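Structure below is model.txt: compact mmCIF, C-alpha atoms.
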```txt
# COMPACT_ATOMS: atom_id res chain seq x y z
CA MET A 1 -4.57 34.09 2.71
CA SER A 2 -6.03 31.92 5.47
CA PRO A 3 -8.13 28.96 4.40
CA GLN A 4 -11.85 29.10 5.20
CA ALA A 5 -11.69 25.66 6.81
CA LEU A 6 -8.95 23.40 8.13
CA VAL A 7 -9.35 19.67 7.59
CA PHE A 8 -7.20 17.28 9.62
CA ASP A 9 -6.26 13.68 9.14
CA ALA A 10 -6.81 11.72 12.37
CA TYR A 11 -4.63 8.58 12.62
CA GLY A 12 -0.96 9.47 12.67
CA THR A 13 -1.62 13.21 12.53
CA LEU A 14 -3.74 14.06 15.59
CA TYR A 15 -3.67 10.64 17.25
CA ASP A 16 -0.63 8.43 17.70
CA VAL A 17 -1.42 4.94 16.41
CA HIS A 18 1.72 3.70 18.16
CA SER A 19 0.34 4.58 21.57
CA VAL A 20 -0.84 0.94 21.56
CA ILE A 21 2.76 -0.23 22.02
CA GLN A 22 2.63 -0.32 25.81
CA ARG A 23 -0.45 -2.53 25.79
CA CYS A 24 1.10 -4.79 23.14
CA ASP A 25 4.22 -5.08 25.29
CA GLN A 26 2.10 -6.20 28.24
CA PHE A 27 0.76 -9.08 26.15
CA TRP A 28 4.02 -9.93 24.33
CA PRO A 29 6.99 -8.45 26.23
CA GLY A 30 9.57 -6.82 24.00
CA ARG A 31 7.49 -7.25 20.84
CA GLY A 32 5.19 -4.24 21.15
CA THR A 33 7.02 -1.96 18.76
CA ALA A 34 7.41 -4.60 16.05
CA LEU A 35 3.75 -5.55 16.35
CA SER A 36 2.50 -1.98 16.28
CA GLN A 37 4.57 -1.19 13.19
CA LEU A 38 3.45 -4.24 11.23
CA TRP A 39 -0.16 -3.74 12.36
CA ARG A 40 -0.12 -0.19 11.01
CA THR A 41 1.64 -1.22 7.78
CA LYS A 42 -0.92 -3.92 7.01
CA GLN A 43 -3.83 -1.71 8.05
CA LEU A 44 -2.83 0.85 5.42
CA GLU A 45 -2.03 -1.77 2.77
CA TYR A 46 -5.45 -3.32 3.25
CA THR A 47 -7.17 0.06 2.82
CA TRP A 48 -5.40 0.58 -0.51
CA GLN A 49 -5.84 -2.98 -1.72
CA ARG A 50 -9.51 -3.25 -0.76
CA SER A 51 -10.21 0.13 -2.38
CA LEU A 52 -8.62 -1.01 -5.65
CA MET A 53 -10.41 -4.38 -5.46
CA ARG A 54 -13.71 -2.49 -4.92
CA ARG A 55 -14.13 -4.46 -1.70
CA TYR A 56 -14.45 -1.70 0.84
CA ALA A 57 -14.87 -2.78 4.45
CA PRO A 58 -15.11 -0.46 7.47
CA PHE A 59 -11.82 0.60 9.03
CA SER A 60 -12.74 -1.22 12.23
CA GLN A 61 -12.85 -4.50 10.29
CA VAL A 62 -9.68 -3.70 8.34
CA THR A 63 -7.87 -2.79 11.56
CA ARG A 64 -8.93 -6.02 13.25
CA GLU A 65 -7.88 -8.07 10.21
CA ALA A 66 -4.53 -6.31 10.06
CA LEU A 67 -3.95 -7.12 13.73
CA ALA A 68 -4.69 -10.80 13.13
CA TYR A 69 -2.27 -10.87 10.20
CA ALA A 70 0.47 -9.06 12.09
CA CYS A 71 0.25 -11.38 15.09
CA GLN A 72 0.38 -14.45 12.87
CA ALA A 73 3.33 -13.12 10.88
CA LEU A 74 5.23 -12.37 14.11
CA LYS A 75 4.15 -15.69 15.65
CA LEU A 76 2.40 -14.00 18.57
CA PRO A 77 -0.60 -16.03 19.74
CA LEU A 78 -3.65 -13.74 19.79
CA ALA A 79 -6.52 -14.71 22.10
CA SER A 80 -9.88 -13.14 21.33
CA GLN A 81 -9.78 -11.19 24.62
CA GLN A 82 -6.42 -9.73 23.59
CA GLU A 83 -7.78 -8.82 20.17
CA ASP A 84 -10.75 -7.09 21.77
CA ALA A 85 -8.52 -5.31 24.28
CA LEU A 86 -6.25 -3.95 21.54
CA MET A 87 -9.21 -2.84 19.43
CA GLN A 88 -10.54 -1.09 22.53
CA GLN A 89 -7.16 0.58 22.93
CA TYR A 90 -7.59 2.02 19.46
CA LEU A 91 -10.57 4.01 20.73
CA ALA A 92 -8.34 5.71 23.26
CA LEU A 93 -5.21 6.53 21.25
CA ALA A 94 -3.19 9.38 22.69
CA ALA A 95 -3.23 12.73 20.93
CA TYR A 96 0.26 13.95 20.03
CA ALA A 97 1.62 16.43 22.55
CA ASP A 98 1.58 19.30 20.03
CA VAL A 99 -2.11 18.88 19.17
CA PRO A 100 -4.24 20.52 21.91
CA ASP A 101 -2.47 23.89 21.97
CA ALA A 102 -2.22 24.06 18.19
CA LEU A 103 -5.93 23.39 17.73
CA ALA A 104 -6.80 25.98 20.37
CA SER A 105 -4.69 28.60 18.54
CA LEU A 106 -6.15 27.96 15.10
CA ARG A 107 -8.99 30.24 14.07
CA GLY A 108 -11.93 29.27 11.90
CA ARG A 109 -13.70 26.03 11.15
CA LYS A 110 -11.93 22.79 11.90
CA ALA A 111 -12.90 19.31 10.75
CA ILE A 112 -11.53 15.78 10.71
CA LEU A 113 -11.47 13.72 7.50
CA SER A 114 -10.45 10.17 8.31
CA ASN A 115 -10.28 6.61 7.06
CA GLY A 116 -11.80 5.66 10.41
CA SER A 117 -15.32 4.30 10.41
CA PRO A 118 -17.71 6.12 12.78
CA ASP A 119 -17.62 3.20 15.26
CA MET A 120 -13.91 3.88 15.77
CA LEU A 121 -13.60 7.55 15.04
CA ASP A 122 -16.42 9.01 17.12
CA PRO A 123 -15.37 7.32 20.39
CA LEU A 124 -11.75 8.30 19.72
CA VAL A 125 -12.51 11.99 19.24
CA LYS A 126 -14.83 11.99 22.24
CA HIS A 127 -12.25 10.30 24.45
CA SER A 128 -9.60 12.83 23.47
CA GLY A 129 -11.73 15.83 24.40
CA LEU A 130 -10.73 17.65 21.21
CA ALA A 131 -13.50 19.70 19.58
CA PHE A 132 -14.26 19.88 15.85
CA ASP A 133 -17.01 21.42 13.76
CA ALA A 134 -17.33 18.19 11.76
CA VAL A 135 -15.94 14.67 11.95
CA LEU A 136 -16.09 13.12 8.48
CA SER A 137 -15.48 9.46 7.69
CA VAL A 138 -14.67 7.87 4.35
CA ASP A 139 -17.37 5.38 5.26
CA ALA A 140 -19.81 7.78 3.56
CA VAL A 141 -18.15 7.15 0.18
CA LYS A 142 -16.98 3.54 0.74
CA VAL A 143 -13.45 4.02 -0.49
CA PHE A 144 -10.26 4.91 1.37
CA LYS A 145 -7.69 7.67 0.98
CA PRO A 146 -6.10 8.83 -1.28
CA ALA A 147 -9.10 8.43 -3.65
CA PRO A 148 -10.38 11.86 -4.75
CA GLU A 149 -13.94 10.95 -3.68
CA VAL A 150 -12.71 11.12 -0.09
CA TYR A 151 -11.41 14.67 -0.34
CA GLN A 152 -14.52 15.71 -2.27
CA LEU A 153 -16.53 14.62 0.77
CA ALA A 154 -15.02 17.48 2.78
CA VAL A 155 -15.92 19.97 0.05
CA ASP A 156 -19.50 18.71 -0.04
CA ARG A 157 -20.07 18.46 3.70
CA LEU A 158 -18.36 21.70 4.66
CA GLY A 159 -19.71 23.68 1.70
CA VAL A 160 -16.29 25.25 1.12
CA PRO A 161 -14.53 25.25 -2.28
CA LYS A 162 -11.49 23.00 -2.49
CA ASP A 163 -9.02 25.83 -2.95
CA ALA A 164 -10.25 27.42 0.28
CA ILE A 165 -9.60 24.27 2.32
CA GLY A 166 -6.33 23.78 4.20
CA PHE A 167 -5.59 20.09 4.64
CA VAL A 168 -3.26 18.87 7.38
CA SER A 169 -1.74 15.40 7.49
CA SER A 170 1.37 13.67 8.78
CA ASN A 171 0.90 10.85 6.30
CA CYS A 172 2.78 12.14 3.29
CA TRP A 173 0.84 10.04 0.76
CA ASP A 174 -2.41 11.45 2.23
CA ALA A 175 -1.08 15.00 2.04
CA LEU A 176 -0.09 14.45 -1.61
CA GLY A 177 -3.41 12.79 -2.43
CA ALA A 178 -5.12 15.90 -1.05
CA LYS A 179 -2.76 18.12 -3.05
CA SER A 180 -3.54 16.13 -6.20
CA PHE A 181 -7.22 16.74 -5.48
CA GLY A 182 -6.75 20.48 -5.09
CA PHE A 183 -6.47 21.35 -1.39
CA ARG A 184 -3.84 23.63 0.09
CA VAL A 185 -1.76 21.10 1.97
CA TYR A 186 0.38 21.20 5.10
CA TRP A 187 2.48 18.12 5.75
CA ILE A 188 3.38 17.67 9.43
CA ASN A 189 6.68 15.81 9.24
CA ARG A 190 7.46 15.02 12.88
CA THR A 191 9.99 12.30 12.04
CA GLY A 192 12.11 14.01 9.38
CA ALA A 193 10.97 11.59 6.67
CA PRO A 194 11.66 12.23 2.97
CA VAL A 195 8.73 13.47 0.89
CA ASP A 196 7.04 10.69 -1.05
CA ARG A 197 7.59 10.62 -4.81
CA LEU A 198 4.04 10.82 -6.12
CA GLY A 199 4.30 13.75 -8.51
CA PHE A 200 3.19 16.43 -6.04
CA GLN A 201 4.70 18.56 -3.28
CA PRO A 202 2.97 19.79 -0.14
CA ASP A 203 2.46 23.57 0.07
CA GLY A 204 3.99 23.61 3.53
CA ARG A 205 6.24 21.24 5.46
CA LEU A 206 6.16 21.64 9.23
CA ALA A 207 8.11 19.79 11.89
CA SER A 208 5.25 20.13 14.38
CA LEU A 209 1.55 20.93 14.36
CA GLY A 210 2.55 23.69 16.77
CA ASP A 211 4.07 25.59 13.84
CA LEU A 212 0.79 25.72 11.92
CA PRO A 213 -0.85 28.75 13.62
CA GLU A 214 2.13 30.94 12.79
CA VAL A 215 2.22 29.75 9.18
CA LEU A 216 -1.49 30.42 8.68
CA HIS A 217 -2.18 33.62 10.61
CA MET B 1 -10.45 -29.56 -14.50
CA SER B 2 -7.36 -27.89 -15.93
CA PRO B 3 -7.61 -24.18 -16.75
CA GLN B 4 -7.55 -23.20 -20.44
CA ALA B 5 -4.82 -20.66 -19.78
CA LEU B 6 -2.35 -19.98 -17.00
CA VAL B 7 -1.59 -16.36 -16.19
CA PHE B 8 1.49 -15.55 -14.10
CA ASP B 9 2.48 -12.53 -12.11
CA ALA B 10 6.06 -11.50 -12.95
CA TYR B 11 7.79 -9.53 -10.15
CA GLY B 12 8.13 -11.65 -7.02
CA THR B 13 6.57 -14.71 -8.66
CA LEU B 14 8.71 -15.56 -11.69
CA TYR B 15 11.46 -13.00 -11.13
CA ASP B 16 13.18 -12.23 -7.84
CA VAL B 17 13.10 -8.48 -7.23
CA HIS B 18 15.68 -8.97 -4.50
CA SER B 19 18.27 -10.24 -6.95
CA VAL B 20 19.35 -6.56 -7.03
CA ILE B 21 20.81 -6.91 -3.51
CA GLN B 22 24.30 -7.85 -4.65
CA ARG B 23 24.55 -4.79 -6.86
CA CYS B 24 23.17 -2.58 -4.07
CA ASP B 25 25.79 -4.02 -1.72
CA GLN B 26 28.52 -3.10 -4.18
CA PHE B 27 27.40 0.53 -4.02
CA TRP B 28 26.59 0.63 -0.29
CA PRO B 29 28.32 -2.26 1.49
CA GLY B 30 26.12 -4.01 4.04
CA ARG B 31 23.02 -2.00 3.13
CA GLY B 32 21.84 -3.95 0.08
CA THR B 33 19.15 -5.96 1.81
CA ALA B 34 17.64 -3.00 3.64
CA LEU B 35 17.64 -0.93 0.47
CA SER B 36 16.09 -3.67 -1.66
CA GLN B 37 13.32 -4.24 0.87
CA LEU B 38 12.41 -0.56 1.25
CA TRP B 39 12.66 -0.04 -2.52
CA ARG B 40 10.17 -2.85 -3.11
CA THR B 41 7.87 -1.66 -0.31
CA LYS B 42 7.68 1.87 -1.69
CA GLN B 43 7.38 0.63 -5.27
CA LEU B 44 4.21 -1.27 -4.34
CA GLU B 45 2.83 1.53 -2.14
CA TYR B 46 3.25 4.00 -4.98
CA THR B 47 1.37 1.71 -7.38
CA TRP B 48 -1.59 1.54 -4.97
CA GLN B 49 -1.51 5.22 -4.05
CA ARG B 50 -1.16 6.48 -7.62
CA SER B 51 -3.96 4.18 -8.75
CA LEU B 52 -6.29 5.55 -6.07
CA MET B 53 -5.22 9.13 -6.83
CA ARG B 54 -5.96 8.43 -10.53
CA ARG B 55 -2.39 9.46 -11.27
CA TYR B 56 -1.09 6.40 -13.04
CA ALA B 57 2.55 6.50 -14.12
CA PRO B 58 4.47 3.68 -15.84
CA PHE B 59 6.09 1.13 -13.53
CA SER B 60 9.53 2.19 -14.77
CA GLN B 61 8.88 5.71 -13.41
CA VAL B 62 7.34 4.40 -10.18
CA THR B 63 10.29 2.05 -9.66
CA ARG B 64 12.80 4.85 -10.20
CA GLU B 65 10.91 7.15 -7.84
CA ALA B 66 10.71 4.43 -5.18
CA LEU B 67 14.49 3.92 -5.44
CA ALA B 68 15.09 7.64 -4.93
CA TYR B 69 12.83 7.66 -1.87
CA ALA B 70 14.40 4.54 -0.39
CA CYS B 71 17.94 5.86 -0.78
CA GLN B 72 17.01 9.17 0.80
CA ALA B 73 15.22 7.48 3.71
CA LEU B 74 18.23 5.24 4.34
CA LYS B 75 20.66 8.17 3.84
CA LEU B 76 22.43 6.47 0.96
CA PRO B 77 23.73 9.03 -1.57
CA LEU B 78 22.44 8.04 -5.02
CA ALA B 79 24.42 9.26 -8.01
CA SER B 80 22.59 9.28 -11.33
CA GLN B 81 24.95 6.60 -12.70
CA GLN B 82 24.05 4.37 -9.74
CA GLU B 83 20.35 5.00 -10.29
CA ASP B 84 20.70 4.07 -13.96
CA ALA B 85 22.76 0.99 -13.10
CA LEU B 86 20.14 -0.27 -10.64
CA MET B 87 17.31 0.39 -13.07
CA GLN B 88 19.30 -1.56 -15.64
CA GLN B 89 19.67 -4.37 -13.12
CA TYR B 90 15.88 -4.54 -12.94
CA LEU B 91 15.84 -5.59 -16.61
CA ALA B 92 17.95 -8.63 -15.73
CA LEU B 93 16.35 -9.90 -12.52
CA ALA B 94 17.00 -13.57 -11.85
CA ALA B 95 14.17 -16.05 -12.33
CA TYR B 96 13.50 -18.12 -9.21
CA ALA B 97 15.18 -21.52 -9.36
CA ASP B 98 11.84 -23.37 -9.50
CA VAL B 99 10.57 -21.45 -12.53
CA PRO B 100 12.15 -22.90 -15.72
CA ASP B 101 11.32 -26.57 -15.04
CA ALA B 102 7.82 -25.76 -13.80
CA LEU B 103 7.00 -23.71 -16.90
CA ALA B 104 8.36 -26.45 -19.15
CA SER B 105 6.11 -29.03 -17.44
CA LEU B 106 2.92 -26.99 -17.64
CA ARG B 107 0.68 -27.73 -20.60
CA GLY B 108 -1.48 -25.21 -22.41
CA ARG B 109 -1.31 -21.47 -22.96
CA LYS B 110 0.83 -19.42 -20.62
CA ALA B 111 0.84 -15.65 -20.21
CA ILE B 112 2.28 -12.97 -17.96
CA LEU B 113 0.07 -10.25 -16.45
CA SER B 114 2.26 -7.68 -14.74
CA ASN B 115 2.41 -4.20 -13.25
CA GLY B 116 5.55 -3.75 -15.29
CA SER B 117 5.45 -1.31 -18.16
CA PRO B 118 6.57 -2.73 -21.52
CA ASP B 119 9.89 -0.86 -21.33
CA MET B 120 10.75 -2.92 -18.23
CA LEU B 121 8.84 -6.11 -18.78
CA ASP B 122 9.75 -6.98 -22.36
CA PRO B 123 13.55 -6.77 -21.83
CA LEU B 124 13.20 -8.74 -18.58
CA VAL B 125 11.33 -11.62 -20.19
CA LYS B 126 13.67 -11.64 -23.16
CA HIS B 127 16.75 -11.67 -20.93
CA SER B 128 15.40 -14.60 -18.93
CA GLY B 129 14.83 -16.77 -21.97
CA LEU B 130 11.42 -17.85 -20.67
CA ALA B 131 8.72 -18.24 -23.32
CA PHE B 132 5.09 -17.09 -23.04
CA ASP B 133 2.16 -16.91 -25.42
CA ALA B 134 1.42 -13.36 -24.26
CA VAL B 135 3.08 -10.76 -22.05
CA LEU B 136 0.41 -8.35 -20.80
CA SER B 137 1.09 -5.09 -19.00
CA VAL B 138 -1.29 -3.02 -16.87
CA ASP B 139 -0.02 -0.10 -18.93
CA ALA B 140 -2.85 -0.90 -21.35
CA VAL B 141 -5.45 0.02 -18.71
CA LYS B 142 -3.46 2.68 -16.81
CA VAL B 143 -4.18 1.33 -13.34
CA PHE B 144 -2.22 -1.11 -11.19
CA LYS B 145 -3.13 -4.40 -9.49
CA PRO B 146 -5.34 -5.36 -7.72
CA ALA B 147 -7.91 -3.28 -9.69
CA PRO B 148 -10.34 -5.58 -11.54
CA GLU B 149 -9.64 -3.80 -14.84
CA VAL B 150 -6.19 -5.38 -14.75
CA TYR B 151 -7.45 -8.94 -14.48
CA GLN B 152 -10.13 -8.23 -17.11
CA LEU B 153 -7.27 -7.38 -19.48
CA ALA B 154 -6.19 -11.04 -19.43
CA VAL B 155 -9.73 -12.19 -20.22
CA ASP B 156 -9.98 -9.76 -23.14
CA ARG B 157 -6.54 -10.37 -24.61
CA LEU B 158 -6.53 -14.16 -24.22
CA GLY B 159 -10.18 -14.62 -25.18
CA VAL B 160 -10.68 -17.06 -22.32
CA PRO B 161 -13.52 -16.74 -19.76
CA LYS B 162 -12.40 -15.75 -16.28
CA ASP B 163 -13.42 -19.03 -14.66
CA ALA B 164 -11.21 -20.91 -17.13
CA ILE B 165 -8.12 -18.90 -16.23
CA GLY B 166 -5.66 -20.14 -13.62
CA PHE B 167 -3.81 -17.25 -12.03
CA VAL B 168 -0.47 -17.73 -10.31
CA SER B 169 1.13 -15.21 -7.97
CA SER B 170 3.45 -15.14 -4.98
CA ASN B 171 2.09 -11.75 -3.95
CA CYS B 172 -0.81 -12.74 -1.74
CA TRP B 173 -2.73 -9.48 -2.23
CA ASP B 174 -2.42 -9.98 -6.03
CA ALA B 175 -3.64 -13.57 -5.74
CA LEU B 176 -6.62 -12.41 -3.67
CA GLY B 177 -7.36 -9.53 -6.01
CA ALA B 178 -7.47 -12.07 -8.85
CA LYS B 179 -9.70 -14.34 -6.75
CA SER B 180 -12.03 -11.42 -6.03
CA PHE B 181 -12.20 -10.85 -9.79
CA GLY B 182 -13.09 -14.47 -10.50
CA PHE B 183 -9.96 -16.38 -11.52
CA ARG B 184 -8.96 -19.75 -10.15
CA VAL B 185 -5.97 -18.78 -8.04
CA TYR B 186 -2.76 -20.50 -6.97
CA TRP B 187 -0.72 -18.67 -4.36
CA ILE B 188 2.97 -19.60 -4.45
CA ASN B 189 4.02 -19.05 -0.84
CA ARG B 190 7.77 -19.64 -0.91
CA THR B 191 8.39 -17.88 2.42
CA GLY B 192 5.69 -19.43 4.62
CA ALA B 193 3.87 -16.10 5.01
CA PRO B 194 0.35 -15.89 6.49
CA VAL B 195 -2.48 -15.37 4.04
CA ASP B 196 -3.57 -11.75 3.78
CA ARG B 197 -6.90 -10.83 5.35
CA LEU B 198 -8.79 -9.38 2.39
CA GLY B 199 -11.98 -11.42 2.49
CA PHE B 200 -10.84 -14.11 0.02
CA GLN B 201 -8.81 -17.30 0.06
CA PRO B 202 -6.65 -18.68 -2.75
CA ASP B 203 -7.89 -21.93 -4.32
CA GLY B 204 -4.47 -23.48 -3.88
CA ARG B 205 -1.47 -22.70 -1.68
CA LEU B 206 1.84 -24.08 -2.94
CA ALA B 207 5.29 -23.86 -1.37
CA SER B 208 6.96 -23.84 -4.77
CA LEU B 209 6.06 -23.25 -8.39
CA GLY B 210 7.43 -26.74 -8.92
CA ASP B 211 4.32 -28.15 -7.23
CA LEU B 212 1.97 -26.57 -9.76
CA PRO B 213 2.16 -29.15 -12.59
CA GLU B 214 1.14 -31.94 -10.21
CA VAL B 215 -1.76 -29.88 -8.81
CA LEU B 216 -3.07 -29.04 -12.28
CA HIS B 217 -2.55 -32.17 -14.38
```

As structure tokens, the full file:
Amino acid sequence: MSPQALVFDAYGTLYDVHSVIQRCDQFWPGRGTALSQLWRTKQLEYTWQRSLMRRYAPFSQVTREALAYACQALKLPLASQQEDALMQQYLALAAYADVPDALASLRGRKAILSNGSPDMLDPLVKHSGLAFDAVLSVDAVKVFKPAPEVYQLAVDRLGVPKDAIGFVSSNCWDALGAKSFGFRVYWINRTGAPVDRLGFQPDGRLASLGDLPEVLH
Amino acid sequence: MSPQALVFDAYGTLYDVHSVIQRCDQFWPGRGTALSQLWRTKQLEYTWQRSLMRRYAPFSQVTREALAYACQALKLPLASQQEDALMQQYLALAAYADVPDALASLRGRKAILSNGSPDMLDPLVKHSGLAFDAVLSVDAVKVFKPAPEVYQLAVDRLGVPKDAIGFVSSNCWDALGAKSFGFRVYWINRTGAPVDRLGFQPDGRLASLGDLPEVLH
């Protein structure tokens, strides 16, 4: 049975956070990949740690702080113009190649549910030209994924019961957090990663978002 | 003014989680360091993610699950005897070289506050021969660090107000979680890492636990 609404994770699922590598390489030749990976790692760690500390801060702040940490750890001097330029780059992340056609083929309501604060997320979605019925940010509940309050936000805002929502994420821990909450979950595993050991399994494992229309319809 | 009680993190602060590398290298020559690092990374991620999902599991289970993930990700076949042997190794982690003398020099009450479940933590402390007035596990509150409930456990069990507790950790995010809660915090930064960007600063930054007695007394 098709879900009544499809809810997509943004960063890492629709939009490639590592599309900043080229710009990083311009600033620090040969170090772009290492920087982008550590930046992303710390960004996620800070979302989990701040949530547990009950010290929520918007994703734009967390992302900027993670960048500062990553540059210091890798001994890359970060001028404020470079910091601003990389944060600007985050508003124009590339969509994965499999995204536009897949979204166009999927019937029914489609929404984004993201850690991104509106100041990051809204410009990103607009820049990409992708269309959604709703773009929901955890900023409304002041805690990050995979807290159940985040997934409940989609239920409340879309007015669709949790078991009628299909949730799509490439971040396995996010997919399993959504499964723990009660969504029907499709994990887009583009890299062939193992499933995380968190006590749950995704309902579907797909190698590409392009496989989703066939699975659902 | 000296704190009334000193509370120490265990894994990474008193005990070296990477003292499993040699055993890992026996099973998978040349891969021990990579395995130990990914094992530790996933172990911590799972504590944060499960806490946010409200799906607490004991650290012994989380540690075993993180090992299974890490081996699969690194394509290292893990027989159940190897898994058991490595879990057993975790009960005999080496104390850092600076630990025994520092503990002996520190006056007053000393306790451990750890993510470790009692089935892991108690054998580890016993094996090391280090002596504490209390060994406290997050298992009592069923959530992992850096949730404030964890640090409150030390206040409740030791009967010492939070501003009279000195908290010692090498895990910067743990130190800052404790600072956010209200402890006086000493970050033992053995590796020269940058401070994490979580909105707090430790009260003291020490290169070795051996520097702590001089700072306090």

Legend entry - Nearest to chain A by atom-to-atom distance, counting only C-alpha atoms, from B:Gly204, B:Pro194, B:Gly159, B:Pro213: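 Of B:Gly204, B:Pro194, B:Gly159, B:Pro213, the one nearest chain A, counting only C-alpha atoms, is B:Pro194.
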
Inset, instruction - Considering only C-alpha atoms, extract the chain A residues located within 7 Å of chain B and return them as a PyMOL selection string. - result: chain A and resi 46+48-50+52-53+65-66+69+72-73+146-148+177+193-194+196-198

Legend entry - Coordinates-based distance that separates CA of Leu93 (chain A) from CA of Val215 (chain A) (Å, one decimal):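 We find that CA of Val215 (chain A) and CA of Leu93 (chain A) lie 27.2 Å from each other.
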
Inset, instruction - Figure out the distance between CA of Pro3 (chain A) and CA of Gly166 (chain A), please, to one decimal in Å. - result: 5.5 Å

Legend entry - Exercise: residues within 10 Å of coordinate (-3.1, 20.2, -3.2), counting all atoms listed in the file, as a list in words: Lys162, Asp163, Ile165, Gly166, Phe167, Ala175, Leu176, Gly177, Ala178, Lys179, Ser180, Phe181, Gly182, Phe183, Arg184, Val185, Tyr186, Phe200, Gln201, Pro202 and Asp203 of chain A

Inset, instruction - To one decimal in Å, tell me the separation between CA of Arg107 (chain B) and CA of His217 (chain B). - result: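 It comes out at 8.3 Å.
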